[in-house]
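What follows is a single structure, written as structure tokens, with notes after it.
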Amino acid sequence: MSAIAAGTIRTGRATVDRIPLSRITAVELRKMFDTRSGFWLIASIAISAVLAAAGVILFAPDDQLTYSTFATAIRFPVVIILPLIAILAVTSEWSQRTGLTTFTLVPHRSRIIAAKAISSVVIAIAAMALTFAVGAVGNLLSAAVTGTTLVWDVTVTQCLYYVLGMVLSLLIGFMLGVLIRASIGAIVAYFVYTFLLPTVFGLLASSQQWFHDLQPWIDIQFAQSGLFVFDKSLTAEQWANIGVTGIVWLVIPLLIGLRLVMRTEVK
């Protein structure tokens, strides 16, 4: 037998196809429904929307039985539930220690976080479509039951504003999940964002004139409230308020959280 020099033997380098982002997103979307808590949290969107519509039919005066009234009533429970879904989608990797498996199967953490963001937005858009449908059914039922005139007082543009406001609320929850990476801490921080800070800013604006003029540029909840008002359009200044507060309270903390996710050891 002839000797073969070791240097002449070359082995082919194994290549592994990258997992498509669409497949990762589909997996993350399915993970939101796999657990009982996740399923019932998402199901509570539909349940709360139906209960809110029923409450409007039963208790609202006849002259307020309009589509905008149903949309406004349904918004209150949904705007609280959606960010919680986004928070749990992110923090479950750390609180349930599934991140050890997830980041082993897909080492590029940025792709996992991007898939979670996309799946959360998909849930938000689907929830908005459901709430619009429930509001429409409630509006039809109220006209049939009470005999009032059927009023459709919401335009397509206003519906898009509504969806944008809901998505921004969800992204705040997503940002807190990425930044804190602990379910309880992120949920507490979300309620501080949503209820405590706006109350403090409101009291300060009512007592201090100098802050009254600055509130739209500082208070993110106040700046985004115009997205949920159906009887008027947003001005250029209001869009600027949304942009500035979004950068300060959403984009910058999200970038900090992403950096921590990329560099922090998963335990």
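Naming scheme: A, B, ... for chains in displayed order of the structure tokens; residues 1 onward per chain; ligands 1 onward as shown.
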Practice problem: Name the residues in contact with Leu88 (chain A) at a cut-off of 10 Å, using only C-alpha atoms, excluding same-chain residues fewer than 6 positions from it; report them as JSON, numbers by chain. | Solution: {"A": [32, 37, 38, 94, 95, 173, 174, 177, 181, 182, 183, 184, 186, 187]}
Quiz prompt | Within 7 Å of Ala49 (chain A) using only C-alpha atoms, minus same-chain residues under 5 positions, as a PyMOL selection string | solution = chain A and resi 74+131+134
Filtering to N, CA and C atoms, could you give me those residues as a JSON list (two decimals), in the first residue's frame?
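Output below, filename out12.json:
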[["chain", "number", "residue", "atom", "x", "y", "z"],
["A", 74, "ILE", "N", -63.99, 49.00, 24.59],
["A", 74, "ILE", "CA", -63.22, 47.77, 24.41],
["A", 74, "ILE", "C", -61.72, 48.04, 24.58],
["A", 131, "THR", "N", -61.33, 43.13, 18.02],
["A", 131, "THR", "CA", -62.07, 44.16, 18.76],
["A", 131, "THR", "C", -62.93, 45.02, 17.84],
["A", 134, "VAL", "N", -65.96, 42.88, 17.13],
["A", 134, "VAL", "CA", -66.87, 42.83, 18.29],
["A", 134, "VAL", "C", -67.60, 44.16, 18.45]]
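Look at region 157-172 of chain A: the protein and nucleic acid residues within 7 Å of it, using only C-alpha atoms and passing over chain neighbours fewer than 6 places away, are Val79, Leu82, Pro83, Ala86, Val121, Ala124, Met128, Gln224, Leu227, Phe228, Phe230 and Leu250 of chain A.
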Practice problem: Going by DSSP on the backbone, which bits of region 27-260 of chain A are alpha helix (DSSP H)? Write them as a PyMOL selection string, please. | Solution: chain A and resi 27-34+36-59+67-95+99-105+109-146+156-180+183-191+197-207+209-218+220-224+236-246+252-260
Self-check item: Distance of CA of Met175 (chain A) from CA of Ala205 (chain A), expressed in Å to one decimal place
Solution: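 It comes out at 26.6 Å.
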Exercise. Measure the distance from CA of Trp217 (chain A) to CA of Gly246 (chain A) in Å and round it to one decimal.
Key: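 So the two atoms, CA of Trp217 (chain A) and CA of Gly246 (chain A), lie 9.7 Å apart.
Closest approach to Leu141 (chain A) among A:Asp231, A:Phe191, A:Asp34, A:Phe70: A:Phe70, based on only C-alpha atoms.
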Exercise. May I have the residues within 12 Å of Val244 (chain A) as a list in words, using only C-alpha atoms and disregarding those fewer than 3 positions away in the same chain?
Key: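 Here the qualifying residues turn out to be Leu214, Gln215, Pro216, Trp217, Ile218, Asp219, Ile220, Ala223, Gln224, Glu237, Gln238, Trp239, Ala240, Asn241, Ile247, Val248, Trp249, Leu250, Val251 and Ile252 of chain A.
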Take the residues just selected and output them with N, CA and C atoms as a JSON list (two decimals), in the first residue's frame.
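Written file, out-v4.json:
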[["chain", "number", "residue", "atom", "x", "y", "z"],
["A", 214, "LEU", "N", -44.77, 71.59, 29.03],
["A", 214, "LEU", "CA", -43.79, 70.55, 28.70],
["A", 214, "LEU", "C", -44.38, 69.14, 28.72],
["A", 215, "GLN", "N", -45.55, 68.96, 29.34],
["A", 215, "GLN", "CA", -46.10, 67.61, 29.51],
["A", 215, "GLN", "C", -46.22, 66.82, 28.21],
["A", 216, "PRO", "N", -46.71, 67.41, 27.10],
["A", 216, "PRO", "CA", -46.81, 66.61, 25.88],
["A", 216, "PRO", "C", -45.46, 66.11, 25.36],
["A", 217, "TRP", "N", -44.36, 66.76, 25.76],
["A", 217, "TRP", "CA", -43.03, 66.36, 25.31],
["A", 217, "TRP", "C", -42.35, 65.40, 26.28],
["A", 218, "ILE", "N", -42.97, 65.16, 27.43],
["A", 218, "ILE", "CA", -42.36, 64.31, 28.45],
["A", 218, "ILE", "C", -43.21, 63.09, 28.76],
["A", 219, "ASP", "N", -44.52, 63.26, 28.85],
["A", 219, "ASP", "CA", -45.45, 62.20, 29.25],
["A", 219, "ASP", "C", -45.86, 61.39, 28.02],
["A", 220, "ILE", "N", -45.39, 60.16, 27.93],
["A", 220, "ILE", "CA", -45.66, 59.34, 26.75],
["A", 220, "ILE", "C", -47.14, 58.95, 26.67],
["A", 223, "ALA", "N", -48.98, 61.98, 25.38],
["A", 223, "ALA", "CA", -48.69, 62.23, 23.97],
["A", 223, "ALA", "C", -49.45, 61.26, 23.07],
["A", 224, "GLN", "N", -49.58, 60.00, 23.50],
["A", 224, "GLN", "CA", -50.23, 58.99, 22.66],
["A", 224, "GLN", "C", -51.74, 58.97, 22.82],
["A", 237, "GLU", "N", -47.62, 68.94, 15.55],
["A", 237, "GLU", "CA", -47.00, 69.01, 16.87],
["A", 237, "GLU", "C", -47.30, 67.76, 17.69],
["A", 238, "GLN", "N", -48.52, 67.22, 17.56],
["A", 238, "GLN", "CA", -48.85, 66.00, 18.30],
["A", 238, "GLN", "C", -48.03, 64.82, 17.81],
["A", 239, "TRP", "N", -47.81, 64.74, 16.50],
["A", 239, "TRP", "CA", -46.94, 63.68, 15.97],
["A", 239, "TRP", "C", -45.52, 63.85, 16.49],
["A", 240, "ALA", "N", -45.06, 65.09, 16.60],
["A", 240, "ALA", "CA", -43.73, 65.35, 17.16],
["A", 240, "ALA", "C", -43.67, 64.94, 18.63],
["A", 241, "ASN", "N", -44.75, 65.18, 19.38],
["A", 241, "ASN", "CA", -44.81, 64.74, 20.78],
["A", 241, "ASN", "C", -44.68, 63.23, 20.87],
["A", 247, "ILE", "N", -39.00, 58.10, 21.59],
["A", 247, "ILE", "CA", -37.55, 57.91, 21.61],
["A", 247, "ILE", "C", -37.05, 57.83, 23.06],
["A", 248, "VAL", "N", -37.56, 58.71, 23.91],
["A", 248, "VAL", "CA", -37.06, 58.78, 25.30],
["A", 248, "VAL", "C", -37.52, 57.58, 26.12],
["A", 249, "TRP", "N", -38.80, 57.23, 26.02],
["A", 249, "TRP", "CA", -39.37, 56.22, 26.90],
["A", 249, "TRP", "C", -39.43, 54.82, 26.29],
["A", 250, "LEU", "N", -39.23, 54.70, 24.97],
["A", 250, "LEU", "CA", -39.35, 53.40, 24.32],
["A", 250, "LEU", "C", -38.07, 52.99, 23.61],
["A", 251, "VAL", "N", -37.57, 53.82, 22.71],
["A", 251, "VAL", "CA", -36.44, 53.41, 21.87],
["A", 251, "VAL", "C", -35.15, 53.29, 22.67],
["A", 252, "ILE", "N", -34.81, 54.30, 23.45],
["A", 252, "ILE", "CA", -33.55, 54.28, 24.21],
["A", 252, "ILE", "C", -33.53, 53.14, 25.23]]
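In terms of minimum interatomic distance to Leu254 (chain A), A:Ala117 ranks closest within A:Val137, A:Ile125, A:Ile242, A:Ala117, counting only C-alpha atoms.
Neighbours of Ser22 (chain A) closer than or equal to 12 Å, with only C-alpha atoms counted and sequence neighbours fewer than 2 positions away skipped, come out as Arg18, Ile19, Pro20, Ile24, Thr25, Ala26, Val27, Glu28, Leu29, Arg111, Ile112, Ala114, Ala115, Lys116, Ile118 and Ser119 of chain A.
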Hey, can you spit out that residue selection with N, CA, C and O atoms as an mmCIF file, in the first residue's frame?
data_model
loop_
_atom_site.group_PDB
_atom_site.id
_atom_site.type_symbol
_atom_site.label_atom_id
_atom_site.label_comp_id
_atom_site.auth_asym_id
_atom_site.auth_seq_id
_atom_site.Cartn_x
_atom_site.Cartn_y
_atom_site.Cartn_z
ATOM 1 N N ARG A 18 -29.105 28.245 7.608
ATOM 2 C CA ARG A 18 -29.631 29.095 8.671
ATOM 3 C C ARG A 18 -31.145 28.924 8.768
ATOM 4 O O ARG A 18 -31.835 28.840 7.753
ATOM 5 N N ILE A 19 -31.633 28.837 10.005
ATOM 6 C CA ILE A 19 -33.074 28.695 10.198
ATOM 7 C C ILE A 19 -33.754 29.990 9.755
ATOM 8 O O ILE A 19 -33.369 31.075 10.196
ATOM 9 N N PRO A 20 -34.748 29.909 8.878
ATOM 10 C CA PRO A 20 -35.421 31.136 8.422
ATOM 11 C C PRO A 20 -36.097 31.872 9.579
ATOM 12 O O PRO A 20 -36.595 31.246 10.523
ATOM 13 N N ILE A 24 -38.722 30.744 12.864
ATOM 14 C CA ILE A 24 -38.523 31.116 14.265
ATOM 15 C C ILE A 24 -39.727 31.892 14.773
ATOM 16 O O ILE A 24 -40.205 31.684 15.889
ATOM 17 N N THR A 25 -40.246 32.799 13.937
ATOM 18 C CA THR A 25 -41.421 33.580 14.324
ATOM 19 C C THR A 25 -42.630 32.681 14.541
ATOM 20 O O THR A 25 -43.400 32.872 15.494
ATOM 21 N N ALA A 26 -42.801 31.684 13.651
ATOM 22 C CA ALA A 26 -43.921 30.757 13.809
ATOM 23 C C ALA A 26 -43.802 29.968 15.108
ATOM 24 O O ALA A 26 -44.797 29.729 15.801
ATOM 25 N N VAL A 27 -42.576 29.569 15.463
ATOM 26 C CA VAL A 27 -42.368 28.841 16.717
ATOM 27 C C VAL A 27 -42.677 29.737 17.915
ATOM 28 O O VAL A 27 -43.353 29.313 18.868
ATOM 29 N N GLU A 28 -42.194 30.975 17.877
ATOM 30 C CA GLU A 28 -42.455 31.892 18.982
ATOM 31 C C GLU A 28 -43.947 32.198 19.101
ATOM 32 O O GLU A 28 -44.479 32.344 20.212
ATOM 33 N N LEU A 29 -44.624 32.285 17.967
ATOM 34 C CA LEU A 29 -46.065 32.527 17.995
ATOM 35 C C LEU A 29 -46.797 31.346 18.610
ATOM 36 O O LEU A 29 -47.734 31.517 19.403
ATOM 37 N N ARG A 111 -32.004 37.339 16.566
ATOM 38 C CA ARG A 111 -33.054 36.755 15.736
ATOM 39 C C ARG A 111 -34.215 36.260 16.592
ATOM 40 O O ARG A 111 -35.382 36.367 16.191
ATOM 41 N N ILE A 112 -33.917 35.744 17.778
ATOM 42 C CA ILE A 112 -34.976 35.316 18.692
ATOM 43 C C ILE A 112 -35.782 36.518 19.157
ATOM 44 O O ILE A 112 -37.028 36.495 19.161
ATOM 45 N N ALA A 114 -36.076 39.408 17.662
ATOM 46 C CA ALA A 114 -36.835 39.936 16.519
ATOM 47 C C ALA A 114 -38.082 39.089 16.261
ATOM 48 O O ALA A 114 -39.166 39.628 15.979
ATOM 49 N N ALA A 115 -37.946 37.770 16.365
ATOM 50 C CA ALA A 115 -39.101 36.886 16.153
ATOM 51 C C ALA A 115 -40.158 37.112 17.226
ATOM 52 O O ALA A 115 -41.363 37.100 16.935
ATOM 53 N N LYS A 116 -39.742 37.334 18.467
ATOM 54 C CA LYS A 116 -40.696 37.609 19.532
ATOM 55 C C LYS A 116 -41.418 38.934 19.289
ATOM 56 O O LYS A 116 -42.629 39.056 19.532
ATOM 57 N N ILE A 118 -41.974 40.376 16.338
ATOM 58 C CA ILE A 118 -42.889 40.208 15.194
ATOM 59 C C ILE A 118 -44.132 39.444 15.624
ATOM 60 O O ILE A 118 -45.268 39.828 15.292
ATOM 61 N N SER A 119 -43.951 38.359 16.361
ATOM 62 C CA SER A 119 -45.112 37.567 16.788
ATOM 63 C C SER A 119 -46.008 38.364 17.725
ATOM 64 O O SER A 119 -47.239 38.236 17.672
#
Quiz prompt | Gap from CA of Pro253 (chain A) to CA of Leu176 (chain A) - Å, one decimal | solution =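 If I compute the distance from CA of Pro253 (chain A) to CA of Leu176 (chain A), I get 8.0 Å.
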Can you pull out the residues contacting Ala71 (chain A)? Cut-off 9 Å, using only C-alpha atoms, and skip same-chain residues under 4 positions away; I want them as an mmCIF file with N, CA, C and O atoms, in the first residue's frame.
data_model
loop_
_atom_site.group_PDB
_atom_site.id
_atom_site.type_symbol
_atom_site.label_atom_id
_atom_site.label_comp_id
_atom_site.auth_asym_id
_atom_site.auth_seq_id
_atom_site.Cartn_x
_atom_site.Cartn_y
_atom_site.Cartn_z
ATOM 1 N N ALA A 53 -68.464 45.285 25.317
ATOM 2 C CA ALA A 53 -69.541 45.612 24.385
ATOM 3 C C ALA A 53 -70.904 45.389 25.028
ATOM 4 O O ALA A 53 -71.838 46.196 24.852
ATOM 5 N N THR A 66 -72.874 54.501 19.796
ATOM 6 C CA THR A 66 -72.215 54.664 18.504
ATOM 7 C C THR A 66 -71.015 53.725 18.441
ATOM 8 O O THR A 66 -70.570 53.172 19.459
ATOM 9 N N TYR A 67 -70.484 53.582 17.235
ATOM 10 C CA TYR A 67 -69.343 52.681 17.067
ATOM 11 C C TYR A 67 -68.128 53.160 17.851
ATOM 12 O O TYR A 67 -67.380 52.348 18.411
ATOM 13 N N ARG A 75 -61.294 49.260 24.293
ATOM 14 C CA ARG A 75 -59.863 49.576 24.352
ATOM 15 C C ARG A 75 -59.285 49.415 25.753
ATOM 16 O O ARG A 75 -58.152 48.932 25.904
ATOM 17 N N THR A 131 -61.333 43.133 18.023
ATOM 18 C CA THR A 131 -62.067 44.162 18.763
ATOM 19 C C THR A 131 -62.925 45.020 17.837
ATOM 20 O O THR A 131 -64.038 45.409 18.206
ATOM 21 N N PHE A 132 -62.425 45.323 16.644
ATOM 22 C CA PHE A 132 -63.242 46.069 15.683
ATOM 23 C C PHE A 132 -64.480 45.269 15.296
ATOM 24 O O PHE A 132 -65.571 45.828 15.158
ATOM 25 N N VAL A 134 -65.960 42.881 17.134
ATOM 26 C CA VAL A 134 -66.866 42.829 18.294
ATOM 27 C C VAL A 134 -67.597 44.158 18.452
ATOM 28 O O VAL A 134 -68.801 44.196 18.732
ATOM 29 N N GLY A 135 -66.874 45.266 18.258
ATOM 30 C CA GLY A 135 -67.523 46.571 18.339
ATOM 31 C C GLY A 135 -68.589 46.755 17.287
ATOM 32 O O GLY A 135 -69.651 47.334 17.558
ATOM 33 N N ALA A 136 -68.328 46.248 16.074
ATOM 34 C CA ALA A 136 -69.320 46.351 15.006
ATOM 35 C C ALA A 136 -70.568 45.531 15.322
ATOM 36 O O ALA A 136 -71.707 45.994 15.127
#
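Distance annotation: of A:Gly243, A:Gly55, A:Pro198, A:Pro77, the residue with the minimal separation from Phe222 (chain A) is A:Pro198; atom set is only C-alpha atoms.
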